[in-house]
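*Asks:* Submitted below is the structure of interest, expressed as structure tokens.
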Amino acid sequence: EQLVESGGGLVQAGDSARLSCKVTGRPFAAYPLGWFRQAPGKEREFVAAISTGGETTLLGDSVKGRFSISRDNGKDTVDLQMTNVKLEDTAMYYCAAKTTAYTGEVTYSQRNDYNRWGQGTQVTVSS
């Protein structure tokens with residue numbers, strides 16, 4: 001399967017942006033999904049996760065109250081809605097899928113939980 005992110009770009013601080021990830025190749029609805037980000041010189045950081053049916057979500061501490069994650073199993077997409085973006089949100093954003101050893105309606109926040117990754121989409125926040 002493939003994961004393809006879209007929606008990145010230049011965003012002004014305080015504005016909103018929406019990232020989308022299209023998953024192709026396998027039954028999308030079966031997988032827990034997540035978003036991570038990586039800024040230059042930093043470790044890849046957990047942003048958000050959503051369970052197979054979308055009933056359970058989890059957000060990283062740095063984005064709680066500003067970001068949300070949702071999925072549309074009919075369209076095979078998972079979105080990251082970003083609001084009130086900050087300069088420190090500048091990073092490459094990656095979509096990830098856990099295609100093995102998962103449990104329904106559980107979210108996963110560790111990088112090593114995921115075995116499929118997209119190529120990433122850059123988000124740059126300007127002041």
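Order determines the names: the first chain of the structure tokens is A, the second B, and so forth; residues in each chain are numbered 1 upward, and ligands are numbered 1 upward as they are shown.
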Identify, on the basis of only C-alpha atoms, every residue whose closest approach to Gly14 (chain A) does not exceed 7 Å; exclude the query and any residue fewer than 2 positions from it along the same chain; express the result as a list in words.
*Replies:* Gln12, Ser16, Asn84, Val85 and Lys86 of chain A
*Asks:* Store the residues picked out above, limited to N, CA, C and O atoms, as an mmCIF file, in the first residue's frame.
*Replies:*
```cif
data_model
loop_
_atom_site.group_PDB
_atom_site.id
_atom_site.type_symbol
_atom_site.label_atom_id
_atom_site.label_comp_id
_atom_site.auth_asym_id
_atom_site.auth_seq_id
_atom_site.Cartn_x
_atom_site.Cartn_y
_atom_site.Cartn_z
ATOM 1 N N GLN A 12 0.522 31.260 7.475
ATOM 2 C CA GLN A 12 0.844 32.340 8.417
ATOM 3 C C GLN A 12 0.501 31.918 9.842
ATOM 4 O O GLN A 12 -0.497 31.202 10.076
ATOM 5 N N SER A 16 -5.051 28.596 9.751
ATOM 6 C CA SER A 16 -5.375 27.169 9.756
ATOM 7 C C SER A 16 -4.860 26.511 8.487
ATOM 8 O O SER A 16 -4.658 27.164 7.457
ATOM 9 N N ASN A 84 -4.740 27.715 14.466
ATOM 10 C CA ASN A 84 -3.856 28.558 15.276
ATOM 11 C C ASN A 84 -2.410 28.059 15.205
ATOM 12 O O ASN A 84 -1.745 27.845 16.224
ATOM 13 N N VAL A 85 -1.925 27.890 13.988
ATOM 14 C CA VAL A 85 -0.581 27.331 13.827
ATOM 15 C C VAL A 85 0.465 28.283 14.386
ATOM 16 O O VAL A 85 0.296 29.514 14.371
ATOM 17 N N LYS A 86 1.562 27.693 14.828
ATOM 18 C CA LYS A 86 2.656 28.449 15.433
ATOM 19 C C LYS A 86 3.928 28.206 14.634
ATOM 20 O O LYS A 86 4.033 27.235 13.873
#
```
*Asks:* Determine which residues of region 71-112 of chain A DSSP labels as strand (DSSP E) from the backbone of this structure, then write them out as a PyMOL selection string.
*Replies:* chain A and resi 71-72+77-82+91-97
*Asks:* From the options A:Leu3, A:Asn112, A:Glu55, A:Thr103, which residue's atoms come nearest to Phe28 (chain A), counting only C-alpha atoms?
*Replies:*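 So, comparing all the options, the nearest one is A:Leu3.
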*Asks:* What does the structure give for the distance between CA of Val125 (chain A) and CA of Arg111 (chain A), in Å to one decimal?
*Replies:*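 Rounded to one decimal, the two atoms are 23.8 Å apart.
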*Asks:* How many Å separate CA of Lys75 (chain A) from CA of Gly34 (chain A)?
*Replies:* 16.5 Å
*Asks:* Counting only C-alpha atoms, what is within 12 Å of Ala97 (chain A), bar same-chain residues fewer than 4 positions away, as a CSV table (one decimal) with N, CA and C atoms, in the first residue's frame?
*Replies:*
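Resulting contents of result.csv:
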```csv
chain,number,residue,atom,x,y,z
A,1,GLU,N,0.8,-1.2,0.0
A,1,GLU,CA,0.0,0.0,0.0
A,1,GLU,C,0.9,1.3,0.0
A,2,GLN,N,0.3,2.3,-0.4
A,2,GLN,CA,0.9,3.6,-0.5
A,2,GLN,C,0.2,4.6,0.3
A,3,LEU,N,0.9,5.6,0.9
A,3,LEU,CA,0.4,6.7,1.6
A,3,LEU,C,0.9,8.0,1.0
A,4,VAL,N,0.0,8.8,0.5
A,4,VAL,CA,0.4,10.0,-0.1
A,4,VAL,C,-0.2,11.2,0.6
A,21,CYS,N,-4.1,12.6,3.8
A,21,CYS,CA,-3.3,11.5,3.4
A,21,CYS,C,-4.3,10.5,2.7
A,22,LYS,N,-3.9,10.1,1.5
A,22,LYS,CA,-4.7,9.1,0.8
A,22,LYS,C,-3.9,7.7,0.9
A,23,VAL,N,-4.6,6.7,1.3
A,23,VAL,CA,-4.0,5.4,1.4
A,23,VAL,C,-4.6,4.5,0.3
A,24,THR,N,-3.7,3.9,-0.4
A,24,THR,CA,-4.2,3.0,-1.5
A,24,THR,C,-3.5,1.6,-1.4
A,26,ARG,N,-4.6,-1.4,-0.1
A,26,ARG,CA,-5.2,-2.4,0.9
A,26,ARG,C,-6.5,-1.8,1.5
A,27,PRO,N,-7.2,-2.7,2.2
A,27,PRO,CA,-8.4,-2.1,2.9
A,27,PRO,C,-8.1,-1.1,3.9
A,28,PHE,N,-8.3,0.1,3.6
A,28,PHE,CA,-7.9,1.2,4.4
A,28,PHE,C,-8.5,1.2,5.8
A,29,ALA,N,-9.8,0.8,5.9
A,29,ALA,CA,-10.5,0.8,7.1
A,29,ALA,C,-9.9,-0.1,8.2
A,30,ALA,N,-9.0,-1.0,7.8
A,30,ALA,CA,-8.5,-1.9,8.8
A,30,ALA,C,-7.4,-1.4,9.6
A,31,TYR,N,-6.8,-0.2,9.3
A,31,TYR,CA,-5.6,0.2,9.9
A,31,TYR,C,-5.7,1.4,10.8
A,32,PRO,N,-5.0,1.3,12.0
A,32,PRO,CA,-4.8,2.5,12.8
A,32,PRO,C,-3.9,3.4,12.0
A,33,LEU,N,-4.1,4.7,12.1
A,33,LEU,CA,-3.3,5.7,11.3
A,33,LEU,C,-2.8,6.7,12.3
A,34,GLY,N,-1.7,7.4,11.8
A,34,GLY,CA,-1.2,8.5,12.6
A,34,GLY,C,-0.5,9.5,11.7
A,35,TRP,N,-0.3,10.7,12.4
A,35,TRP,CA,0.5,11.7,11.8
A,35,TRP,C,1.7,12.0,12.7
A,36,PHE,N,2.9,12.2,12.1
A,36,PHE,CA,4.1,12.6,12.8
A,36,PHE,C,4.7,13.8,12.1
A,48,ALA,N,-0.6,13.0,16.0
A,48,ALA,CA,-2.0,12.6,16.2
A,48,ALA,C,-2.1,11.2,15.7
A,49,ALA,N,-3.1,10.5,16.3
A,49,ALA,CA,-3.4,9.1,15.9
A,49,ALA,C,-4.9,8.9,15.9
A,50,ILE,N,-5.4,7.9,15.1
A,50,ILE,CA,-6.8,7.6,15.1
A,50,ILE,C,-7.0,6.1,14.9
A,51,SER,N,-8.0,5.6,15.6
A,51,SER,CA,-8.2,4.1,15.5
A,51,SER,C,-8.9,3.7,14.2
A,52,THR,N,-9.0,2.4,14.0
A,52,THR,CA,-9.5,1.9,12.8
A,52,THR,C,-10.9,2.5,12.4
A,76,ASP,N,-10.9,6.5,1.9
A,76,ASP,CA,-9.5,6.1,2.2
A,76,ASP,C,-8.6,7.3,2.5
A,77,THR,N,-9.1,8.2,3.3
A,77,THR,CA,-8.3,9.4,3.6
A,77,THR,C,-8.3,9.6,5.1
A,78,VAL,N,-7.2,10.2,5.6
A,78,VAL,CA,-7.1,10.6,7.0
A,78,VAL,C,-6.6,12.1,6.9
A,101,ALA,N,-0.3,-6.4,13.6
A,101,ALA,CA,-0.4,-6.6,15.0
A,101,ALA,C,-1.1,-5.4,15.7
A,102,TYR,N,-2.2,-5.0,15.2
A,102,TYR,CA,-3.0,-3.9,15.8
A,102,TYR,C,-4.3,-4.5,16.4
A,107,THR,N,-5.4,3.5,19.6
A,107,THR,CA,-4.5,4.4,19.0
A,107,THR,C,-3.0,4.2,19.3
A,108,TYR,N,-2.1,4.5,18.5
A,108,TYR,CA,-0.7,4.2,18.6
A,108,TYR,C,0.1,5.5,18.5
A,109,SER,N,1.0,5.8,19.4
A,109,SER,CA,1.7,7.0,19.4
A,109,SER,C,3.2,6.9,19.3
A,110,GLN,N,3.7,5.7,19.2
A,110,GLN,CA,5.1,5.5,19.0
A,110,GLN,C,5.5,5.3,17.6
A,111,ARG,N,6.6,6.0,17.2
A,111,ARG,CA,7.1,5.9,15.8
A,111,ARG,C,7.2,4.4,15.4
A,112,ASN,N,7.7,3.6,16.3
A,112,ASN,CA,8.0,2.2,15.9
A,112,ASN,C,6.8,1.3,15.8
A,113,ASP,N,5.6,1.9,16.2
A,113,ASP,CA,4.4,1.2,16.1
A,113,ASP,C,4.0,1.1,14.6
A,114,TYR,N,4.4,2.0,13.8
A,114,TYR,CA,4.0,2.1,12.4
A,114,TYR,C,5.0,1.5,11.4
A,115,ASN,N,4.5,0.8,10.4
A,115,ASN,CA,5.4,0.2,9.5
A,115,ASN,C,5.2,0.6,8.0
A,116,ARG,N,4.3,1.6,7.8
A,116,ARG,CA,4.1,2.2,6.5
A,116,ARG,C,4.1,3.7,6.6
A,117,TRP,N,4.8,4.3,5.8
A,117,TRP,CA,5.0,5.8,5.8
A,117,TRP,C,4.8,6.4,4.5
A,118,GLY,N,4.3,7.6,4.5
A,118,GLY,CA,4.2,8.4,3.3
A,118,GLY,C,5.6,9.2,3.1
```
*Asks:* Which residues are close to Met82 (chain A), i.e. within 8 Å by only C-alpha atoms, leaving aside same-chain residues fewer than 6 positions away? Reply as a ChimeraX atom specification.
*Replies:* /A:16-19,66-68
*Asks:* Contacts of Thr90 (chain A) at 10 Å or less, counting only C-alpha atoms, minus same-chain residues fewer than 6 places along, as a ChimeraX atom specification?
*Replies:* /A:9-11,37-40,122-126
*Asks:* Selected residues, all heavy atoms, written as a JSON list (two decimals), in the first residue's frame, please.
*Replies:*
```json
[["chain", "number", "residue", "atom", "x", "y", "z"],
["A", 9, "GLY", "N", 2.38, 23.47, 2.78],
["A", 9, "GLY", "CA", 2.72, 24.73, 2.14],
["A", 9, "GLY", "C", 3.07, 25.78, 3.15],
["A", 9, "GLY", "O", 3.39, 25.48, 4.30],
["A", 10, "LEU", "N", 2.98, 27.02, 2.72],
["A", 10, "LEU", "CA", 3.31, 28.16, 3.58],
["A", 10, "LEU", "C", 2.03, 28.65, 4.26],
["A", 10, "LEU", "O", 1.03, 28.91, 3.59],
["A", 10, "LEU", "CB", 3.93, 29.28, 2.75],
["A", 10, "LEU", "CG", 4.44, 30.50, 3.49],
["A", 10, "LEU", "CD1", 5.56, 30.11, 4.43],
["A", 10, "LEU", "CD2", 4.90, 31.56, 2.50],
["A", 11, "VAL", "N", 2.08, 28.76, 5.58],
["A", 11, "VAL", "CA", 0.93, 29.17, 6.37],
["A", 11, "VAL", "C", 1.37, 30.29, 7.31],
["A", 11, "VAL", "O", 2.46, 30.21, 7.89],
["A", 11, "VAL", "CB", 0.35, 28.01, 7.20],
["A", 11, "VAL", "CG1", -0.97, 28.40, 7.85],
["A", 11, "VAL", "CG2", 0.16, 26.76, 6.34],
["A", 37, "ARG", "N", 5.62, 14.42, 12.70],
["A", 37, "ARG", "CA", 6.32, 15.52, 12.04],
["A", 37, "ARG", "C", 7.77, 15.52, 12.45],
["A", 37, "ARG", "O", 8.13, 15.02, 13.52],
["A", 37, "ARG", "CB", 5.66, 16.86, 12.38],
["A", 37, "ARG", "CG", 5.80, 17.29, 13.84],
["A", 37, "ARG", "CD", 4.98, 18.55, 14.07],
["A", 37, "ARG", "NE", 5.12, 19.03, 15.45],
["A", 37, "ARG", "CZ", 4.43, 20.04, 15.95],
["A", 37, "ARG", "NH1", 3.54, 20.69, 15.20],
["A", 37, "ARG", "NH2", 4.63, 20.41, 17.20],
["A", 38, "GLN", "N", 8.58, 16.10, 11.58],
["A", 38, "GLN", "CA", 10.01, 16.18, 11.86],
["A", 38, "GLN", "C", 10.54, 17.50, 11.36],
["A", 38, "GLN", "O", 10.45, 17.81, 10.17],
["A", 38, "GLN", "CB", 10.75, 15.02, 11.19],
["A", 38, "GLN", "CG", 12.19, 14.90, 11.60],
["A", 38, "GLN", "CD", 12.80, 13.57, 11.22],
["A", 38, "GLN", "OE1", 12.26, 12.84, 10.40],
["A", 38, "GLN", "NE2", 13.91, 13.24, 11.84],
["A", 39, "ALA", "N", 11.09, 18.25, 12.29],
["A", 39, "ALA", "CA", 11.74, 19.51, 11.96],
["A", 39, "ALA", "C", 13.22, 19.24, 11.76],
["A", 39, "ALA", "O", 13.77, 18.27, 12.30],
["A", 39, "ALA", "CB", 11.51, 20.52, 13.08],
["A", 40, "PRO", "N", 13.91, 20.10, 11.02],
["A", 40, "PRO", "CA", 15.35, 19.91, 10.77],
["A", 40, "PRO", "C", 16.13, 19.77, 12.07],
["A", 40, "PRO", "O", 15.96, 20.58, 12.99],
["A", 40, "PRO", "CB", 15.74, 21.16, 10.00],
["A", 40, "PRO", "CG", 14.49, 21.60, 9.33],
["A", 40, "PRO", "CD", 13.39, 21.27, 10.28],
["A", 122, "GLN", "N", 5.58, 19.23, 3.42],
["A", 122, "GLN", "CA", 6.21, 20.29, 4.21],
["A", 122, "GLN", "C", 5.18, 21.34, 4.61],
["A", 122, "GLN", "O", 4.41, 21.82, 3.76],
["A", 122, "GLN", "CB", 7.33, 20.95, 3.41],
["A", 122, "GLN", "CG", 8.00, 22.12, 4.11],
["A", 122, "GLN", "CD", 8.81, 21.69, 5.33],
["A", 122, "GLN", "OE1", 9.44, 20.63, 5.33],
["A", 122, "GLN", "NE2", 8.82, 22.52, 6.36],
["A", 123, "VAL", "N", 5.21, 21.70, 5.87],
["A", 123, "VAL", "CA", 4.43, 22.83, 6.37],
["A", 123, "VAL", "C", 5.41, 23.85, 6.94],
["A", 123, "VAL", "O", 6.22, 23.52, 7.80],
["A", 123, "VAL", "CB", 3.43, 22.40, 7.47],
["A", 123, "VAL", "CG1", 2.75, 23.61, 8.09],
["A", 123, "VAL", "CG2", 2.39, 21.44, 6.90],
["A", 124, "THR", "N", 5.33, 25.06, 6.42],
["A", 124, "THR", "CA", 6.18, 26.14, 6.89],
["A", 124, "THR", "C", 5.30, 27.26, 7.41],
["A", 124, "THR", "O", 4.45, 27.77, 6.68],
["A", 124, "THR", "CB", 7.09, 26.66, 5.77],
["A", 124, "THR", "OG1", 7.89, 25.58, 5.27],
["A", 124, "THR", "CG2", 8.00, 27.76, 6.28],
["A", 125, "VAL", "N", 5.49, 27.62, 8.66],
["A", 125, "VAL", "CA", 4.70, 28.68, 9.28],
["A", 125, "VAL", "C", 5.53, 29.95, 9.32],
["A", 125, "VAL", "O", 6.67, 29.94, 9.81],
["A", 125, "VAL", "CB", 4.26, 28.28, 10.69],
["A", 125, "VAL", "CG1", 3.40, 29.39, 11.32],
["A", 125, "VAL", "CG2", 3.48, 26.96, 10.65],
["A", 126, "SER", "N", 4.97, 31.01, 8.81],
["A", 126, "SER", "CA", 5.66, 32.30, 8.78],
["A", 126, "SER", "C", 5.01, 33.27, 9.76],
["A", 126, "SER", "O", 3.82, 33.17, 10.06],
["A", 126, "SER", "CB", 5.61, 32.88, 7.37],
["A", 126, "SER", "OG", 4.27, 33.16, 7.01]]
```
*Asks:* Rank A:Ala13, A:Gly104, A:Thr121, A:Asp61 by their smallest atom-to-atom distance to Leu87 (chain A), using only C-alpha atoms, and report the top residue only.
*Replies:* A:Ala13
*Asks:* Which of these residues is nearest to Ser20 (chain A), using only C-alpha atoms: A:Lys98, A:Lys42, A:Arg71, A:Lys64?
*Replies:*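 For Ser20 (chain A), the nearest of the candidates is A:Arg71.
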*Asks:* Distance CA of Arg44 (chain A)-CA of Gln81 (chain A), one decimal place?
*Replies:*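 Here the two named atoms are 19.0 Å from each other.
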*Asks:* So, with only C-alpha atoms as the atoms that count, which of A:Asp72, A:Thr56, A:Met92, A:Glu105 lies closest to Glu43 (chain A)?
*Replies:*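 Closest to Glu43 (chain A), using only C-alpha atoms: A:Met92.
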*Asks:* Taking the DSSP secondary structure from the backbone, can you list the residues of chain A that are helix (DSSP H, G or I), as a PyMOL selection string?
*Replies:* chain A and resi 28-30+87-89+111-113
*Asks:* Keeping N, CA and C atoms, export the residues of the selection given above as a CSV table (one decimal), in the first residue's frame.
*Replies:*
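Below you can see part_33.csv, which holds the result:
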```
chain,number,residue,atom,x,y,z
A,28,PHE,N,-8.3,0.1,3.6
A,28,PHE,CA,-7.9,1.2,4.4
A,28,PHE,C,-8.5,1.2,5.8
A,29,ALA,N,-9.8,0.8,5.9
A,29,ALA,CA,-10.5,0.8,7.1
A,29,ALA,C,-9.9,-0.1,8.2
A,30,ALA,N,-9.0,-1.0,7.8
A,30,ALA,CA,-8.5,-1.9,8.8
A,30,ALA,C,-7.4,-1.4,9.6
A,87,LEU,N,4.9,29.1,14.9
A,87,LEU,CA,6.2,28.9,14.1
A,87,LEU,C,6.8,27.6,14.4
A,88,GLU,N,6.6,27.1,15.6
A,88,GLU,CA,7.2,25.8,16.0
A,88,GLU,C,6.5,24.6,15.3
A,89,ASP,N,5.4,24.8,14.6
A,89,ASP,CA,4.7,23.8,13.9
A,89,ASP,C,5.4,23.5,12.5
A,111,ARG,N,6.6,6.0,17.2
A,111,ARG,CA,7.1,5.9,15.8
A,111,ARG,C,7.2,4.4,15.4
A,112,ASN,N,7.7,3.6,16.3
A,112,ASN,CA,8.0,2.2,15.9
A,112,ASN,C,6.8,1.3,15.8
A,113,ASP,N,5.6,1.9,16.2
A,113,ASP,CA,4.4,1.2,16.1
A,113,ASP,C,4.0,1.1,14.6
```
